[in-house]
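> Below is the structure I would like to discuss, written out as structure tokens.
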Amino acid sequence: MTNKIEQLKNITEKYSTIISEIEKKIVGQKVILKNIMISLFSGGHSFLIGVPGLAKTLMVQTIAEVMDLDFKRIQFTPDLMPSDITGTEVIEENMTTGKRDFRFIKGPVFGNIILADEINRTPPKTQAALLEAMQEHQVTSTGETYLLDEPFFVLATQNPIEQEGTYPLPEAQLDRFMFQLIVGYPSFEEEKDIIRLTTVSQKTKLKKIITKEEILSIREFVQDIPVADHLIEYAVNIVKETRPQTTTDDNVKKYIKWGAGPRASQYLIIGAKTKAVLEGRPTPEISDVNYVASNVLRHRIILNFSAEAEGISVDNIVETLIKKYN
């Protein structure tokens with residue numbers, strides 16, 4: 001027990017140091033940073049929605065630098081092919097024997113943190129190239145399977161304003177993301193600090209705070225912590241209530257076309273566990289489930305026309321369901 005307490009203390013201190021180091025380059029966005037960390041230490045992927053210029057790319061690069069992870073950026077465009085993401089086979093001639101063989105050239109998906117920038121700007125066929133990588137942490141090419149490096153974390157971005165020439169992500173692809181996070185504008189004071197920081201010569205050298213092995217160890221620690229049965233029941237009830245077929249809530253029946261699946265319940269619990277651990281608590285509480293609920297459910301619930309016409313959002317419905325069970 002003492003060993004577990006010491007581990008928990010070390011994890012909390014490590015997390016605090018990581019955030020402090022990141023904030024040397026990133027001003028504001030404290031909630032987004034925290035949620036990305038929860039997702040990362042849970043072993044999940046995140047989908048960021050935000051207008052251009054909010055430092056999404058810089059944020060991911062900084063996280064990768066501080067956590068000593070291999071960062072790869074993929075700029076999604078209409079002409080991007082699946083092989084541009086996963087890699088391709090090339091013919092290579094052995095200069096000694098003259099024999100020609102195929103060799104697999106790894107694509108940018110072979111990294112630790114992958115930034116899928118403006119993922120909705122490429123057709124579904126190319127978007128789907130990430131599916132196997134995100135779910136199975138492997139890539140298959142011409143019958144051969146190549147394992148991805150661990151930890152493996154995809155962070156996709158999407159511009160919510162400009163929709164011309166874009167391709168909505170298939171539901172199966174969206175469901176692979178643990179969180180959908182809304183990146184908002186900085187406050188007045190934060191924006192002043194951003195201007196001060198970015199309009200002068202700067203040579204901020206960040207320290208590498210954590211290793212890949214330590215990240216994987218924290219993930220394992222999170223998996224091992226216990227969860228009370230009533231908390232699991234609470235998470236399942238919240239998810240069940242998002243489904244028009246099984247809900248007792250009139251708003252859900254009126255505004256939701258399709259509810260969330262079992263993966264949402266899984267992510268509610270694992271997200272709550274990770275949040276508790278990062279805050280130094282040995283087991284999660286209902287408040288932890290409530291904290292991650294909107295991030296988990298936001299992209300898993302499909303609203304109908306009535307909701308769109310009346311300006312009802314998924315967050316509104318999730319907030320109502322949480323109040324109902326508290």
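We label chains A, B, ... in the order they appear in the structure tokens, count residues from 1 in each chain, and number ligands from 1 in the order shown.
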Do you have, as a tab-separated table, the list of residues of range 133-229 of chain A lying at most 12 Å from range 25-37 of chain A, each with its nearest atom pair and that distance in Å to one decimal, counting only C-alpha atoms and ordered by chain then number?

```
residue	atom	partner	partner_atom	distance
A:Phe153	CA	A:Ile36	CA	10.1
A:Val154	CA	A:Ile36	CA	10.6
A:Leu155	CA	A:Ile36	CA	8.8
A:Ala156	CA	A:Ile36	CA	11.6
A:Phe177	CA	A:Ile36	CA	11.5
A:Met178	CA	A:Ile36	CA	10.0
A:Phe179	CA	A:Asn35	CA	8.1
A:Gln180	CA	A:Asn35	CA	9.7
A:Leu181	CA	A:Ile32	CA	7.1
A:Ile182	CA	A:Ile32	CA	8.0
A:Val183	CA	A:Ile32	CA	6.9
A:Gly184	CA	A:Gln29	CA	8.1
A:Tyr185	CA	A:Gln29	CA	8.7
A:Pro186	CA	A:Gly28	CA	6.5
A:Ser187	CA	A:Gly28	CA	8.0
A:Phe188	CA	A:Gly28	CA	10.6
A:Glu189	CA	A:Gly28	CA	9.3
A:Glu190	CA	A:Gly28	CA	5.9
A:Glu191	CA	A:Val27	CA	8.1
A:Lys192	CA	A:Val27	CA	9.7
A:Asp193	CA	A:Val27	CA	6.9
A:Ile194	CA	A:Val27	CA	6.1
A:Ile195	CA	A:Val27	CA	9.9
A:Arg196	CA	A:Val27	CA	10.4
A:Leu197	CA	A:Lys25	CA	8.2
A:Thr198	CA	A:Lys25	CA	9.2
A:Gln202	CA	A:Lys25	CA	9.8
A:Lys203	CA	A:Lys25	CA	10.2
A:Thr204	CA	A:Lys25	CA	7.4
A:Lys205	CA	A:Lys25	CA	9.4
A:Leu206	CA	A:Lys25	CA	8.5
A:Lys207	CA	A:Lys25	CA	11.7
A:Ile215	CA	A:Met37	CA	10.6
A:Ile218	CA	A:Met37	CA	11.5
A:Arg219	CA	A:Met37	CA	11.3
```
> Take the selection from the previous step and output its residues with C-alpha atoms, as a compact mmCIF listing (two decimals), in the first residue's frame.

```
# COMPACT_ATOMS: atom_id res chain seq x y z
CA PHE A 153 -1.39 9.28 -29.51
CA VAL A 154 -3.37 10.97 -32.32
CA LEU A 155 -4.51 14.54 -31.91
CA ALA A 156 -6.71 15.73 -34.78
CA PHE A 177 -11.37 9.55 -30.28
CA MET A 178 -11.66 9.50 -26.50
CA PHE A 179 -12.32 13.25 -26.22
CA GLN A 180 -13.66 15.99 -28.42
CA LEU A 181 -12.32 19.27 -27.04
CA ILE A 182 -13.48 22.78 -27.89
CA VAL A 183 -10.54 25.22 -28.03
CA GLY A 184 -11.80 28.72 -27.21
CA TYR A 185 -10.31 32.20 -27.46
CA PRO A 186 -7.91 33.37 -24.72
CA SER A 187 -9.03 35.87 -22.09
CA PHE A 188 -8.03 39.54 -22.38
CA GLU A 189 -5.11 39.14 -19.94
CA GLU A 190 -3.99 35.89 -21.58
CA GLU A 191 -4.00 37.51 -25.01
CA LYS A 192 -1.82 40.36 -23.70
CA ASP A 193 0.64 37.78 -22.33
CA ILE A 194 0.63 35.96 -25.70
CA ILE A 195 1.53 39.20 -27.51
CA ARG A 196 4.33 39.94 -25.03
CA LEU A 197 5.73 36.43 -25.41
CA THR A 198 5.53 36.09 -29.18
CA GLN A 202 12.76 34.14 -27.59
CA LYS A 203 14.95 31.07 -27.11
CA THR A 204 12.98 29.09 -24.56
CA LYS A 205 14.63 25.71 -24.09
CA LEU A 206 12.25 23.27 -22.46
CA LYS A 207 13.33 20.39 -20.24
CA ILE A 215 4.21 7.36 -19.49
CA ILE A 218 1.46 5.67 -15.43
CA ARG A 219 -1.06 4.21 -17.89
```
> Just list as number ranges by chain whatever in range 12-244 of chain A DSSP marks as strand (DSSP E or B).
A: 46-49, 71-75, 87-93, 100-106, 113-117, 138-141, 144-147, 153-158, 179-182
> Could you please write out, as a list in words, every residue of range 125-205 of chain A that DSSP assigns to alpha helix (DSSP H)?
Lys125, Thr126, Gln127, Ala129, Leu130, Leu131, Glu132, Ala133, Met134, Gln135, Glu136, Glu171, Ala172, Gln173, Leu174, Phe188, Glu189, Glu190, Glu191, Lys192, Asp193, Ile194, Ile195, Arg196, Leu197 and Thr198 of chain A
> Just checking: using only C-alpha atoms, which residue out of A:Asp149, A:Glu132, A:Glu144, A:Glu65 ends up closest to Ala172 in chain A?
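Answer, going by the shortest atom-to-atom distance: A:Glu132.
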> Got a sec: who's within 9 Å of range 269-273 of chain A, counting only C-alpha atoms, leaving out chain neighbours fewer than 5 positions off, as a list in words?
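Here the answer would be Ile38, Ser39, Phe41, Ser42, Met178, Val222, Gln223, Ile225, Pro226, Val227, Leu231, Ile232, Ala235, Ala264, Leu278, Arg281, Pro282, Thr283, Pro284, Glu285, Ile286, Ser287, Asp288, Val289, Asn290, Tyr291, Val292, Ala293 and Val296 of chain A.
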> Within 9 Å of Leu303 in chain A, counting only C-alpha atoms, which residues qualify if same-chain residues fewer than 3 places away don't, as a VMD selection string?
chain A and resid 255 to 259 306 to 308 312 to 314
> Go ahead and dump the residues you just picked, N, CA and C atoms, as a compact mmCIF listing (two decimals), in the first residue's frame.

```txt
# COMPACT_ATOMS: atom_id res chain seq x y z
N TYR A 255 -34.82 15.33 -28.85
CA TYR A 255 -33.74 15.97 -29.58
C TYR A 255 -32.65 15.03 -30.12
N ILE A 256 -32.57 13.80 -29.64
CA ILE A 256 -31.45 12.92 -30.04
C ILE A 256 -31.92 11.86 -31.04
N LYS A 257 -31.14 11.72 -32.12
CA LYS A 257 -31.42 10.71 -33.14
C LYS A 257 -30.75 9.39 -32.77
N TRP A 258 -29.47 9.46 -32.41
CA TRP A 258 -28.72 8.27 -31.97
C TRP A 258 -27.91 8.61 -30.72
N GLY A 259 -27.87 7.67 -29.79
CA GLY A 259 -27.12 7.88 -28.56
C GLY A 259 -25.74 7.25 -28.62
N SER A 306 -34.76 18.88 -34.92
CA SER A 306 -35.41 19.71 -33.89
C SER A 306 -34.38 20.37 -32.99
N ALA A 307 -33.35 19.62 -32.60
CA ALA A 307 -32.30 20.16 -31.74
C ALA A 307 -31.55 21.28 -32.44
N GLU A 308 -31.21 21.06 -33.71
CA GLU A 308 -30.48 22.08 -34.46
C GLU A 308 -31.33 23.32 -34.64
N ILE A 312 -30.23 23.54 -29.52
CA ILE A 312 -29.88 22.64 -28.42
C ILE A 312 -28.59 21.91 -28.77
N SER A 313 -27.62 21.94 -27.86
CA SER A 313 -26.34 21.25 -28.08
C SER A 313 -26.26 19.98 -27.25
N VAL A 314 -25.30 19.13 -27.60
CA VAL A 314 -25.06 17.91 -26.83
C VAL A 314 -24.69 18.27 -25.40
```
> Given only C-alpha atoms as the basis, pick out the residue of A:Ile105, A:Val90, A:Ile85, A:Val66 nearest to Gln127 in chain A.
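Smallest separation from Gln127 in chain A among the options: A:Ile85.
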> Of the residues A:Lys4, A:Lys275, A:Arg263, A:Arg243, which is the one nearest to Phe221 in chain A, using only C-alpha atoms?
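For Phe221 in chain A, the nearest of the given residues is A:Lys4.
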> What's around Asp101 in chain A at 7 Å? Count only C-alpha atoms, leave out sequence neighbours fewer than 4 positions away in its own chain, and write the answer as a PyMOL selection string.
chain A and resi 91-93
> Take the residues from that selection and write them out as a compact mmCIF listing (two decimals), in the first residue's frame, keeping N, CA and C atoms.

```
# COMPACT_ATOMS: atom_id res chain seq x y z
N ILE A 91 10.44 -0.50 -54.61
CA ILE A 91 11.36 -1.53 -55.12
C ILE A 91 12.79 -1.06 -54.88
N GLU A 92 13.57 -1.94 -54.25
CA GLU A 92 14.96 -1.59 -53.94
C GLU A 92 15.88 -2.66 -54.51
N GLU A 93 16.92 -2.22 -55.18
CA GLU A 93 17.85 -3.17 -55.80
C GLU A 93 19.08 -3.36 -54.91
```
> Nearest to Tyr267 in chain A among A:Gly87, A:Gly111, A:Pro124, A:Gly44, with distances taken over only C-alpha atoms: which residue is it?
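Selected residue with least distance to Tyr267 in chain A: A:Gly44.
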> At a cut-off of 9 Å, using only C-alpha atoms, what residues contact range 106-110 of chain A? Leave out same-chain residues fewer than 3 positions from it and give the result as a list in words.
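Final neighbour list, sorted by chain and number: Asp70, Lys72, Arg73, Ile74, Ser83, Asp84, Ile85, Thr86, Gly87, Thr88, Glu89, Ile113, Ile114, Leu130, Ala133, Val139, Leu147, Leu148, Asp149, Phe152 and Val154 of chain A.
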> Set the distance at 10 Å and use only C-alpha atoms: which residues neighbour Asp79 in chain A once local chain neighbours fewer than 6 positions away are removed? I'd like the list as a list in words.
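These residues fall inside the cut-off: Arg121, Thr122, Pro123 and Thr126 of chain A.
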> Would you mind reading off the distance between CA of Lys24 in chain A and CA of Leu58 in chain A, one decimal, in Å?
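Distance reported for this atom pair: 12.0 Å.
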> A:Asp249, A:Ile210, A:Phe305, A:Ala276: which is nearest Ile317 in chain A, counting only C-alpha atoms?
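Looking only at the distances to Ile317 in chain A, the closest residue turns out to be A:Asp249.
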